[in-house]
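Content type mmCIF, C-alpha atoms and all ligand atoms, from the file query37.cif:
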```
data_entry
#
loop_
_atom_site.group_PDB
_atom_site.id
_atom_site.type_symbol
_atom_site.label_atom_id
_atom_site.label_comp_id
_atom_site.auth_asym_id
_atom_site.auth_seq_id
_atom_site.Cartn_x
_atom_site.Cartn_y
_atom_site.Cartn_z
ATOM 1 C CA MET U 1 28.646 -24.318 -10.807
ATOM 2 C CA ALA U 2 25.183 -25.227 -9.525
ATOM 3 C CA VAL U 3 22.230 -23.225 -10.785
ATOM 4 C CA LEU U 4 20.312 -21.623 -7.908
ATOM 5 C CA MET U 5 17.530 -20.010 -9.914
ATOM 6 C CA LYS U 6 16.392 -20.529 -13.475
ATOM 7 C CA ALA U 7 13.824 -18.260 -15.108
ATOM 8 C CA ASP U 8 12.341 -19.420 -18.376
ATOM 9 C CA ASN U 9 10.322 -17.445 -20.907
ATOM 10 C CA LEU U 10 8.713 -15.023 -18.432
ATOM 11 C CA HIS U 11 5.922 -12.829 -19.719
ATOM 12 C CA LYS U 12 4.117 -10.108 -17.787
ATOM 13 C CA SER U 13 1.702 -7.405 -18.961
ATOM 14 C CA TYR U 14 -0.341 -4.822 -17.133
ATOM 15 C CA ALA U 15 -3.702 -3.466 -18.223
ATOM 16 C CA ILE U 16 -3.664 0.294 -17.803
ATOM 17 C CA MET U 17 -6.715 2.330 -18.855
ATOM 18 C CA HIS U 18 -7.952 -0.123 -21.530
ATOM 19 C CA ARG U 19 -4.395 -0.493 -22.807
ATOM 20 C CA THR U 20 -2.131 -3.483 -22.298
ATOM 21 C CA VAL U 21 1.491 -2.759 -21.564
ATOM 22 C CA SER U 22 3.785 -5.733 -22.179
ATOM 23 C CA VAL U 23 6.568 -5.370 -19.665
ATOM 24 C CA LEU U 24 8.329 -8.738 -19.926
ATOM 25 C CA ARG U 25 8.222 -10.498 -23.300
ATOM 26 C CA GLY U 26 10.055 -13.751 -22.846
ATOM 27 C CA VAL U 27 12.779 -13.292 -20.254
ATOM 28 C CA SER U 28 15.029 -16.305 -19.634
ATOM 29 C CA PHE U 29 18.185 -16.527 -17.575
ATOM 30 C CA SER U 30 19.859 -18.525 -14.821
ATOM 31 C CA VAL U 31 21.772 -17.479 -11.750
ATOM 32 C CA GLU U 32 24.511 -19.733 -10.444
ATOM 33 C CA SER U 33 25.116 -20.169 -6.727
ATOM 34 C CA GLY U 34 27.596 -17.757 -5.228
ATOM 35 C CA THR U 35 27.550 -15.289 -8.146
ATOM 36 C CA SER U 36 26.278 -11.727 -8.374
ATOM 37 C CA VAL U 37 24.181 -10.361 -11.212
ATOM 38 C CA ALA U 38 23.396 -6.707 -11.921
ATOM 39 C CA ILE U 39 20.181 -5.980 -13.808
ATOM 40 C CA VAL U 40 20.335 -2.644 -15.586
ATOM 41 C CA GLY U 41 17.954 -0.852 -17.932
ATOM 42 C CA ALA U 42 15.994 2.360 -18.396
ATOM 43 C CA SER U 43 13.376 3.562 -15.933
ATOM 44 C CA GLY U 44 10.123 1.726 -16.659
ATOM 45 C CA ALA U 45 11.925 -1.141 -18.422
ATOM 46 C CA GLY U 46 10.459 -3.673 -15.973
ATOM 47 C CA LYS U 47 13.405 -4.297 -13.636
ATOM 48 C CA SER U 48 11.355 -4.172 -10.425
ATOM 49 C CA THR U 49 8.641 -6.302 -12.030
ATOM 50 C CA LEU U 50 11.245 -8.927 -12.958
ATOM 51 C CA LEU U 51 12.896 -8.853 -9.522
ATOM 52 C CA HIS U 52 9.538 -9.353 -7.791
ATOM 53 C CA ILE U 53 8.811 -12.364 -10.002
ATOM 54 C CA LEU U 54 12.262 -13.867 -9.354
ATOM 55 C CA GLY U 55 11.697 -13.433 -5.610
ATOM 56 C CA GLY U 56 8.342 -15.212 -5.600
ATOM 57 C CA LEU U 57 6.431 -11.991 -4.955
ATOM 58 C CA ASP U 58 4.497 -11.407 -8.166
ATOM 59 C CA THR U 59 3.039 -14.043 -10.505
ATOM 60 C CA PRO U 60 4.116 -13.995 -14.168
ATOM 61 C CA ASP U 61 1.425 -14.323 -16.862
ATOM 62 C CA SER U 62 3.416 -17.257 -18.224
ATOM 63 C CA GLY U 63 6.840 -18.818 -17.848
ATOM 64 C CA THR U 64 8.563 -20.501 -14.940
ATOM 65 C CA VAL U 65 10.923 -19.679 -12.104
ATOM 66 C CA ILE U 66 12.698 -22.709 -10.675
ATOM 67 C CA PHE U 67 14.381 -21.915 -7.356
ATOM 68 C CA GLN U 68 16.505 -24.639 -5.758
ATOM 69 C CA GLY U 69 14.565 -27.181 -7.794
ATOM 70 C CA THR U 70 11.066 -25.889 -6.917
ATOM 71 C CA ASP U 71 8.811 -24.287 -9.493
ATOM 72 C CA LEU U 72 7.794 -21.161 -7.545
ATOM 73 C CA TYR U 73 4.544 -20.548 -9.396
ATOM 74 C CA ARG U 74 3.367 -24.142 -9.603
ATOM 75 C CA CYS U 75 3.778 -24.892 -5.922
ATOM 76 C CA SER U 76 1.243 -23.795 -3.300
ATOM 77 C CA ALA U 77 1.221 -20.220 -2.010
ATOM 78 C CA GLY U 78 2.089 -21.615 1.431
ATOM 79 C CA ARG U 79 5.183 -23.389 0.144
ATOM 80 C CA ARG U 80 6.199 -20.270 -1.797
ATOM 81 C CA SER U 81 5.924 -18.151 1.386
ATOM 82 C CA LEU U 82 8.003 -20.666 3.285
ATOM 83 C CA ILE U 83 10.715 -20.675 0.621
ATOM 84 C CA ARG U 84 10.741 -16.885 0.662
ATOM 85 C CA ALA U 85 10.971 -16.744 4.443
ATOM 86 C CA LYS U 86 13.743 -19.304 4.669
ATOM 87 C CA HIS U 87 15.888 -18.631 1.631
ATOM 88 C CA ILE U 88 15.177 -15.279 0.009
ATOM 89 C CA GLY U 89 15.963 -11.754 1.212
ATOM 90 C CA PHE U 90 14.360 -8.848 -0.608
ATOM 91 C CA VAL U 91 15.213 -5.140 -0.521
ATOM 92 C CA PHE U 92 12.277 -3.253 -2.055
ATOM 93 C CA GLN U 93 12.813 -0.105 -4.071
ATOM 94 C CA SER U 94 10.393 1.674 -1.722
ATOM 95 C CA TYR U 95 11.619 -0.206 1.392
ATOM 96 C CA HIS U 96 8.199 -1.412 2.709
ATOM 97 C CA LEU U 97 9.105 -0.854 6.360
ATOM 98 C CA LEU U 98 6.376 -1.201 8.958
ATOM 99 C CA PRO U 99 5.772 2.304 10.358
ATOM 100 C CA GLU U 100 4.353 1.229 13.709
ATOM 101 C CA LEU U 101 7.397 -0.890 14.584
ATOM 102 C CA THR U 102 10.747 0.415 15.785
ATOM 103 C CA VAL U 103 13.909 0.101 13.715
ATOM 104 C CA LEU U 104 15.009 -2.900 15.797
ATOM 105 C CA GLU U 105 11.601 -4.589 15.494
ATOM 106 C CA ASN U 106 11.576 -4.068 11.719
ATOM 107 C CA ALA U 107 15.004 -5.682 11.481
ATOM 108 C CA VAL U 108 14.027 -8.655 13.685
ATOM 109 C CA LEU U 109 10.786 -9.357 11.825
ATOM 110 C CA PRO U 110 12.027 -11.927 9.240
ATOM 111 C CA ALA U 111 13.510 -14.064 12.020
ATOM 112 C CA MET U 112 10.031 -14.575 13.464
ATOM 113 C CA THR U 113 9.007 -16.557 10.380
ATOM 114 C CA GLY U 114 12.385 -17.601 9.095
ATOM 115 C CA LYS U 115 14.897 -20.383 9.287
ATOM 116 C CA GLY U 116 14.792 -20.794 13.028
ATOM 117 C CA THR U 117 18.585 -20.738 13.137
ATOM 118 C CA VAL U 118 18.447 -18.062 15.812
ATOM 119 C CA SER U 119 17.340 -19.814 18.970
ATOM 120 C CA SER U 120 15.691 -17.233 21.183
ATOM 121 C CA PHE U 121 14.132 -13.803 20.876
ATOM 122 C CA SER U 122 17.094 -12.260 22.682
ATOM 123 C CA ALA U 123 19.487 -13.950 20.226
ATOM 124 C CA MET U 124 17.382 -12.609 17.324
ATOM 125 C CA LYS U 125 17.585 -9.104 18.763
ATOM 126 C CA GLU U 126 21.321 -9.507 19.228
ATOM 127 C CA ARG U 127 21.710 -10.449 15.566
ATOM 128 C CA ALA U 128 19.460 -7.559 14.475
ATOM 129 C CA ARG U 129 21.581 -5.137 16.541
ATOM 130 C CA GLU U 130 24.742 -6.485 14.911
ATOM 131 C CA LEU U 131 23.227 -5.956 11.442
ATOM 132 C CA LEU U 132 22.043 -2.458 12.363
ATOM 133 C CA SER U 133 25.525 -1.602 13.511
ATOM 134 C CA ARG U 134 27.001 -2.951 10.243
ATOM 135 C CA VAL U 135 24.802 -0.495 8.324
ATOM 136 C CA GLY U 136 25.477 2.376 10.749
ATOM 137 C CA LEU U 137 22.108 2.434 12.512
ATOM 138 C CA GLU U 138 23.058 1.143 15.959
ATOM 139 C CA GLU U 139 22.016 4.432 17.594
ATOM 140 C CA ARG U 140 18.606 4.394 15.912
ATOM 141 C CA ALA U 141 17.249 1.048 17.146
ATOM 142 C CA GLN U 142 14.352 2.565 19.091
ATOM 143 C CA HIS U 143 13.317 5.080 16.422
ATOM 144 C CA ARG U 144 10.416 4.591 14.009
ATOM 145 C CA PRO U 145 11.046 4.413 10.252
ATOM 146 C CA MET U 146 9.334 7.821 9.799
ATOM 147 C CA GLU U 147 12.081 9.379 11.910
ATOM 148 C CA LEU U 148 14.796 8.120 9.557
ATOM 149 C CA SER U 149 16.093 9.744 6.385
ATOM 150 C CA GLY U 150 15.545 7.998 3.029
ATOM 151 C CA GLY U 151 19.074 6.569 3.066
ATOM 152 C CA GLU U 152 18.701 5.362 6.647
ATOM 153 C CA GLN U 153 15.440 3.617 5.749
ATOM 154 C CA GLN U 154 17.226 2.011 2.817
ATOM 155 C CA ARG U 155 19.984 0.703 5.113
ATOM 156 C CA LEU U 156 17.346 -0.633 7.518
ATOM 157 C CA ALA U 157 15.631 -2.421 4.599
ATOM 158 C CA LEU U 158 18.958 -4.041 3.748
ATOM 159 C CA ALA U 159 19.615 -5.112 7.353
ATOM 160 C CA ARG U 160 16.143 -6.651 7.471
ATOM 161 C CA ALA U 161 16.740 -8.536 4.217
ATOM 162 C CA LEU U 162 19.945 -10.015 5.655
ATOM 163 C CA MET U 163 18.374 -11.070 8.957
ATOM 164 C CA ASN U 164 17.757 -14.677 7.928
ATOM 165 C CA GLU U 165 21.077 -15.093 6.101
ATOM 166 C CA PRO U 166 19.278 -15.606 2.780
ATOM 167 C CA ASP U 167 20.798 -17.886 0.139
ATOM 168 C CA PHE U 168 19.389 -15.525 -2.473
ATOM 169 C CA LEU U 169 19.430 -11.758 -1.912
ATOM 170 C CA LEU U 170 17.430 -9.637 -4.342
ATOM 171 C CA ALA U 171 17.940 -5.904 -3.992
ATOM 172 C CA ASP U 172 16.163 -3.190 -5.936
ATOM 173 C CA GLU U 173 18.421 -0.116 -6.119
ATOM 174 C CA PRO U 174 19.911 -0.847 -2.671
ATOM 175 C CA THR U 175 22.129 2.239 -2.633
ATOM 176 C CA GLY U 176 19.976 4.612 -4.689
ATOM 177 C CA ASN U 177 19.531 6.967 -1.732
ATOM 178 C CA LEU U 178 23.023 6.800 -0.272
ATOM 179 C CA ASP U 179 25.975 9.131 -0.749
ATOM 180 C CA ASP U 180 29.055 7.573 -2.382
ATOM 181 C CA GLU U 181 30.927 6.875 0.848
ATOM 182 C CA THR U 182 27.975 5.343 2.728
ATOM 183 C CA GLY U 183 27.000 3.405 -0.392
ATOM 184 C CA ARG U 184 30.525 2.022 -0.654
ATOM 185 C CA GLN U 185 30.570 0.928 3.011
ATOM 186 C CA VAL U 186 27.193 -0.786 2.736
ATOM 187 C CA LEU U 187 28.219 -2.508 -0.492
ATOM 188 C CA ASP U 188 31.541 -3.648 1.019
ATOM 189 C CA TYR U 189 29.546 -5.306 3.753
ATOM 190 C CA VAL U 190 27.041 -6.976 1.411
ATOM 191 C CA PHE U 191 29.665 -8.251 -1.042
ATOM 192 C CA ASP U 192 32.037 -9.426 1.722
ATOM 193 C CA LEU U 193 29.172 -11.275 3.354
ATOM 194 C CA ALA U 194 28.094 -12.767 0.030
ATOM 195 C CA ARG U 195 31.630 -13.994 -0.635
ATOM 196 C CA GLU U 196 32.126 -15.426 2.868
ATOM 197 C CA ARG U 197 28.807 -17.242 2.982
ATOM 198 C CA ARG U 198 28.453 -17.932 -0.741
ATOM 199 C CA HIS U 199 25.228 -15.961 -0.926
ATOM 200 C CA THR U 200 23.896 -15.249 -4.390
ATOM 201 C CA LEU U 201 22.952 -11.698 -5.329
ATOM 202 C CA VAL U 202 20.723 -10.122 -7.931
ATOM 203 C CA VAL U 203 20.847 -6.336 -7.821
ATOM 204 C CA VAL U 204 18.824 -3.878 -9.863
ATOM 205 C CA THR U 205 20.871 -0.745 -10.235
ATOM 206 C CA HIS U 206 21.477 2.450 -12.168
ATOM 207 C CA SER U 207 24.831 2.835 -10.426
ATOM 208 C CA GLU U 208 28.069 1.995 -12.223
ATOM 209 C CA GLN U 209 29.691 1.607 -8.791
ATOM 210 C CA VAL U 210 27.273 -1.205 -7.937
ATOM 211 C CA ALA U 211 27.225 -2.838 -11.372
ATOM 212 C CA GLU U 212 31.040 -2.972 -11.492
ATOM 213 C CA ARG U 213 31.127 -5.160 -8.409
ATOM 214 C CA CYS U 214 28.871 -7.823 -9.907
ATOM 215 C CA SER U 215 30.188 -10.800 -11.847
ATOM 216 C CA ARG U 216 27.610 -10.436 -14.595
ATOM 217 C CA HIS U 217 25.461 -7.647 -16.059
ATOM 218 C CA ILE U 218 22.138 -8.155 -17.762
ATOM 219 C CA ARG U 219 20.287 -5.398 -19.581
ATOM 220 C CA LEU U 220 16.507 -5.340 -19.769
ATOM 221 C CA ASN U 221 15.348 -3.569 -22.903
ATOM 222 C CA GLU U 222 11.908 -3.674 -24.541
ATOM 223 C CA GLY U 223 10.915 -6.649 -22.434
ATOM 224 C CA ILE U 224 13.846 -8.905 -23.245
ATOM 225 C CA LEU U 225 17.289 -9.426 -21.743
ATOM 226 C CA ALA U 226 20.694 -9.038 -23.272
ATOM 227 C CA ASP U 227 23.935 -9.917 -21.521
ATOM 228 C CA ASP U 228 25.681 -6.576 -21.172
ATOM 229 C CA ARG U 229 29.193 -7.693 -20.461
ATOM 230 C CA GLU U 230 30.817 -10.311 -18.328
ATOM 231 C CA GLN U 231 33.195 -9.489 -15.529
ATOM 232 C CA LYS U 232 35.044 -12.500 -14.310
ATOM 233 C CA ASN U 233 36.504 -12.997 -10.842
ATOM 234 C CA VAL U 234 35.184 -9.760 -9.363
ATOM 235 C CA ASN U 235 33.532 -10.331 -6.009
ATOM 236 C CA THR U 236 32.004 -13.617 -6.987
HETATM 237 N N1 LIG U 301 1.029 -2.830 -10.614
HETATM 238 C C1 LIG U 301 1.153 -2.262 -11.814
HETATM 239 N N2 LIG U 301 0.049 -1.898 -12.530
HETATM 240 C C2 LIG U 301 0.170 -1.364 -13.750
HETATM 241 N N3 LIG U 301 1.349 -1.117 -14.368
HETATM 242 C C3 LIG U 301 2.464 -1.425 -13.698
HETATM 243 C C4 LIG U 301 2.432 -2.009 -12.395
HETATM 244 N N4 LIG U 301 3.707 -2.225 -12.003
HETATM 245 C C5 LIG U 301 4.492 -1.774 -13.013
HETATM 246 N N5 LIG U 301 3.737 -1.297 -14.033
HETATM 247 C C6 LIG U 301 4.251 -0.768 -15.309
HETATM 248 O O1 LIG U 301 5.241 -1.656 -15.779
HETATM 249 C C7 LIG U 301 6.357 -0.948 -16.319
HETATM 250 C C8 LIG U 301 7.627 -1.422 -15.652
HETATM 251 O O2 LIG U 301 7.623 -1.028 -14.273
HETATM 252 P P1 LIG U 301 8.815 -1.371 -13.287
HETATM 253 O O3 LIG U 301 8.475 -0.780 -11.976
HETATM 254 O O4 LIG U 301 9.075 -2.817 -13.337
HETATM 255 O O5 LIG U 301 10.035 -0.590 -13.990
HETATM 256 P P2 LIG U 301 11.530 -0.343 -13.505
HETATM 257 O O6 LIG U 301 12.426 -0.809 -14.600
HETATM 258 O O7 LIG U 301 11.729 -0.939 -12.163
HETATM 259 O O8 LIG U 301 11.620 1.244 -13.426
HETATM 260 P P3 LIG U 301 12.462 2.190 -12.398
HETATM 261 O O9 LIG U 301 13.912 2.140 -12.847
HETATM 262 O O10 LIG U 301 11.854 3.543 -12.636
HETATM 263 O O11 LIG U 301 12.256 1.695 -11.013
HETATM 264 C C9 LIG U 301 6.048 0.534 -16.126
HETATM 265 O O12 LIG U 301 5.614 1.052 -17.362
HETATM 266 C C10 LIG U 301 4.938 0.563 -15.116
HETATM 267 O O13 LIG U 301 4.044 1.601 -15.367
HETATM 268 MG MG MG U 302 12.061 -0.169 -10.304
#
```

Would it be possible to restate this file's structure as structure tokens?
Amino acid sequence: MAVLMKADNLHKSYAIMHRTVSVLRGVSFSVESGTSVAIVGASGAGKSTLLHILGGLDTPDSGTVIFQGTDLYRCSAGRRSLIRAKHIGFVFQSYHLLPELTVLENAVLPAMTGKGTVSSFSAMKERARELLSRVGLEERAQHRPMELSGGEQQRLALARALMNEPDFLLADEPTGNLDDETGRQVLDYVFDLARERRHTLVVVTHSEQVAERCSRHIRLNEGILADDREQKNVNT
């Protein structure tokens, strides 16, 4: 199977109050196209930090991330932005929705800079409405993010990440604020879509329900990764 993303020997530390905290201490792993990987680990282990680096959003101190053959941190910032816009969807742990835009406008946003597969603004809005309906937000299109519950904001963040049909979807606790039933419906949609379109997923999660659906589990502990267990032929 072709490798979509290869991370090699990633290191990242933060300086906090004259102290250096080493969060990643040599993380290496590859993700093959069309597979799903769950990253698990204790709170503060560095899962979000790692996901941001894999998604081209935060520079490592050292190490490389090769995505579809491009070294993300040795290419220009412009090229990195373009790759992100065209190929990578990101669901942030804290959503990062734009408060002044409506739900529909937030969902449409990536298409404005993205692949250009959606021809017109009305077609973009049509696609955004379809995604909103898939995550149960069709009635909320004209609301602002502040008017949504935490779980509704989370579903909007997921719809936005899917807007450009990303090859690589990175999601940080995508169902952390959802009840079991809503979480299951949203996950059914994401995994069905990933299987149909051969999208590749990396999901940070504390949820067994989410981790079970991934083909591979990786545990981040004390700055390094260990393969947790392999699950073959499940939603890959
Ligand atoms: N911008 C930053 N400045 C300083 N320290 C940071 C920064 N971002 C993260 N850290 C530190 O890095 C460590 C890892 O943080 P990270 O958010 O990656 O953990 P996490 O595994 O995602 O945790 P959680 O499960 O609680 O979301 C934490 O100790 C945190 O304090
Ligand atoms: Mg986190």

Atomic separation - CA of Ser36 (chain U) relative to CA of Gln185 (chain U), Å: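 CA of Ser36 (chain U) lies 17.6 Å from CA of Gln185 (chain U).
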
Selection under test: the PyMOL selection byres (((chain U and resi 83) around 12) and not hetatm); residues as a PyMOL selection string: chain U and resi 55-57+66-73+75-82+84-89+113-115+164+166-168

Give me a file of those residues, with C-alpha atoms, as a PDB file, in the frame of the given file.
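File written: part-v7.pdb
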```pdb
ATOM      1  CA  GLY U  55      11.697 -13.433  -5.610  1.00  0.00           C
ATOM      2  CA  GLY U  56       8.342 -15.212  -5.600  1.00  0.00           C
ATOM      3  CA  LEU U  57       6.431 -11.991  -4.955  1.00  0.00           C
ATOM      4  CA  ILE U  66      12.698 -22.709 -10.675  1.00  0.00           C
ATOM      5  CA  PHE U  67      14.381 -21.915  -7.356  1.00  0.00           C
ATOM      6  CA  GLN U  68      16.505 -24.639  -5.758  1.00  0.00           C
ATOM      7  CA  GLY U  69      14.565 -27.181  -7.794  1.00  0.00           C
ATOM      8  CA  THR U  70      11.066 -25.889  -6.917  1.00  0.00           C
ATOM      9  CA  ASP U  71       8.811 -24.287  -9.493  1.00  0.00           C
ATOM     10  CA  LEU U  72       7.794 -21.161  -7.545  1.00  0.00           C
ATOM     11  CA  TYR U  73       4.544 -20.548  -9.396  1.00  0.00           C
ATOM     12  CA  CYS U  75       3.778 -24.892  -5.922  1.00  0.00           C
ATOM     13  CA  SER U  76       1.243 -23.795  -3.300  1.00  0.00           C
ATOM     14  CA  ALA U  77       1.221 -20.220  -2.010  1.00  0.00           C
ATOM     15  CA  GLY U  78       2.089 -21.615   1.431  1.00  0.00           C
ATOM     16  CA  ARG U  79       5.183 -23.389   0.144  1.00  0.00           C
ATOM     17  CA  ARG U  80       6.199 -20.270  -1.797  1.00  0.00           C
ATOM     18  CA  SER U  81       5.924 -18.151   1.386  1.00  0.00           C
ATOM     19  CA  LEU U  82       8.003 -20.666   3.285  1.00  0.00           C
ATOM     20  CA  ARG U  84      10.741 -16.885   0.662  1.00  0.00           C
ATOM     21  CA  ALA U  85      10.971 -16.744   4.443  1.00  0.00           C
ATOM     22  CA  LYS U  86      13.743 -19.304   4.669  1.00  0.00           C
ATOM     23  CA  HIS U  87      15.888 -18.631   1.631  1.00  0.00           C
ATOM     24  CA  ILE U  88      15.177 -15.279   0.009  1.00  0.00           C
ATOM     25  CA  GLY U  89      15.963 -11.754   1.212  1.00  0.00           C
ATOM     26  CA  THR U 113       9.007 -16.557  10.380  1.00  0.00           C
ATOM     27  CA  GLY U 114      12.385 -17.601   9.095  1.00  0.00           C
ATOM     28  CA  LYS U 115      14.897 -20.383   9.287  1.00  0.00           C
ATOM     29  CA  ASN U 164      17.757 -14.677   7.928  1.00  0.00           C
ATOM     30  CA  PRO U 166      19.278 -15.606   2.780  1.00  0.00           C
ATOM     31  CA  ASP U 167      20.798 -17.886   0.139  1.00  0.00           C
ATOM     32  CA  PHE U 168      19.389 -15.525  -2.473  1.00  0.00           C
TER      33      PHE U 168
END
```

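Take the candidates U:Ser33, U:Ser28, U:Thr49, U:Ser207 and check each one against ligand MG 302 (chain U) using all atoms listed in the file; the shortest distance goes to U:Thr49.
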
Which residues are near ligand LIG 301 (chain U) in this structure, taking near to mean any atom at most 10 Å from a ligand atom and counting all atoms listed in the file? Format them as a PDB file with C-alpha atoms, keeping the file's coordinate frame.
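Output file selection.pdb is given in full below:
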```
ATOM      1  CA  LYS U  12       4.117 -10.108 -17.787  1.00  0.00           C
ATOM      2  CA  SER U  13       1.702  -7.405 -18.961  1.00  0.00           C
ATOM      3  CA  TYR U  14      -0.341  -4.822 -17.133  1.00  0.00           C
ATOM      4  CA  ALA U  15      -3.702  -3.466 -18.223  1.00  0.00           C
ATOM      5  CA  ILE U  16      -3.664   0.294 -17.803  1.00  0.00           C
ATOM      6  CA  MET U  17      -6.715   2.330 -18.855  1.00  0.00           C
ATOM      7  CA  THR U  20      -2.131  -3.483 -22.298  1.00  0.00           C
ATOM      8  CA  VAL U  21       1.491  -2.759 -21.564  1.00  0.00           C
ATOM      9  CA  SER U  22       3.785  -5.733 -22.179  1.00  0.00           C
ATOM     10  CA  VAL U  23       6.568  -5.370 -19.665  1.00  0.00           C
ATOM     11  CA  LEU U  24       8.329  -8.738 -19.926  1.00  0.00           C
ATOM     12  CA  ILE U  39      20.181  -5.980 -13.808  1.00  0.00           C
ATOM     13  CA  VAL U  40      20.335  -2.644 -15.586  1.00  0.00           C
ATOM     14  CA  GLY U  41      17.954  -0.852 -17.932  1.00  0.00           C
ATOM     15  CA  ALA U  42      15.994   2.360 -18.396  1.00  0.00           C
ATOM     16  CA  SER U  43      13.376   3.562 -15.933  1.00  0.00           C
ATOM     17  CA  GLY U  44      10.123   1.726 -16.659  1.00  0.00           C
ATOM     18  CA  ALA U  45      11.925  -1.141 -18.422  1.00  0.00           C
ATOM     19  CA  GLY U  46      10.459  -3.673 -15.973  1.00  0.00           C
ATOM     20  CA  LYS U  47      13.405  -4.297 -13.636  1.00  0.00           C
ATOM     21  CA  SER U  48      11.355  -4.172 -10.425  1.00  0.00           C
ATOM     22  CA  THR U  49       8.641  -6.302 -12.030  1.00  0.00           C
ATOM     23  CA  LEU U  50      11.245  -8.927 -12.958  1.00  0.00           C
ATOM     24  CA  LEU U  51      12.896  -8.853  -9.522  1.00  0.00           C
ATOM     25  CA  HIS U  52       9.538  -9.353  -7.791  1.00  0.00           C
ATOM     26  CA  ASP U  58       4.497 -11.407  -8.166  1.00  0.00           C
ATOM     27  CA  GLN U  93      12.813  -0.105  -4.071  1.00  0.00           C
ATOM     28  CA  SER U  94      10.393   1.674  -1.722  1.00  0.00           C
ATOM     29  CA  ASP U 172      16.163  -3.190  -5.936  1.00  0.00           C
ATOM     30  CA  GLU U 173      18.421  -0.116  -6.119  1.00  0.00           C
ATOM     31  CA  VAL U 204      18.824  -3.878  -9.863  1.00  0.00           C
ATOM     32  CA  THR U 205      20.871  -0.745 -10.235  1.00  0.00           C
ATOM     33  CA  HIS U 206      21.477   2.450 -12.168  1.00  0.00           C
ATOM     34  CA  LEU U 220      16.507  -5.340 -19.769  1.00  0.00           C
ATOM     35  CA  ASN U 221      15.348  -3.569 -22.903  1.00  0.00           C
ATOM     36  CA  GLY U 223      10.915  -6.649 -22.434  1.00  0.00           C
TER      37      GLY U 223
END
```

One-decimal distance in Å that lies between CA of Leu54 (chain U) and atom MG of ligand MG 302 (chain U):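 We find that atom MG of ligand MG 302 (chain U) and CA of Leu54 (chain U) lie 13.7 Å from each other.
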
Residue nearest ligand MG 302 (chain U) among U:Val186, U:Leu98, U:Ala171, U:Met146 (counting all atoms listed in the file): U:Ala171

Long-range neighbours of Lys125 (chain U) as JSON, numbers by chain, 12 Å cut-off, only C-alpha atoms, 2 positions minimum in chain: {"U": [103, 104, 105, 106, 107, 108, 109, 110, 111, 112, 118, 119, 120, 121, 122, 123, 127, 128, 129, 130, 131, 132, 138, 141, 160, 163]}

Best match for closeness to His11 (chain U) among U:Ile224, U:Val190, U:Leu101, U:Ala211, counting only C-alpha atoms: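 Among U:Ile224, U:Val190, U:Leu101, U:Ala211, it is U:Ile224 that comes nearest to His11 (chain U).
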
Gap from CA of Cys214 (chain U) to CA of Ser149 (chain U) - Å, one decimal: 27.2 Å

Target residues per the PyMOL selection byres (((chain U and resi 155) around 9) and not hetatm), formatted as a list in words: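 Against this file, the PyMOL selection byres (((chain U and resi 155) around 9) and not hetatm) returns the residues Leu132, Val135, Gly136, Leu137, Gly150, Gly151, Glu152, Gln153, Gln154, Leu156, Ala157, Leu158, Ala159, Arg160, Pro174, Thr175, Leu178 and Val186 of chain U.
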
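Selection by the PyMOL selection byres (((chain U and resi 29) around 8) and not hetatm) on the present file picks out Lys6, Ala7, Asp8, Val27, Ser28, Ser30 and Val31 of chain U.
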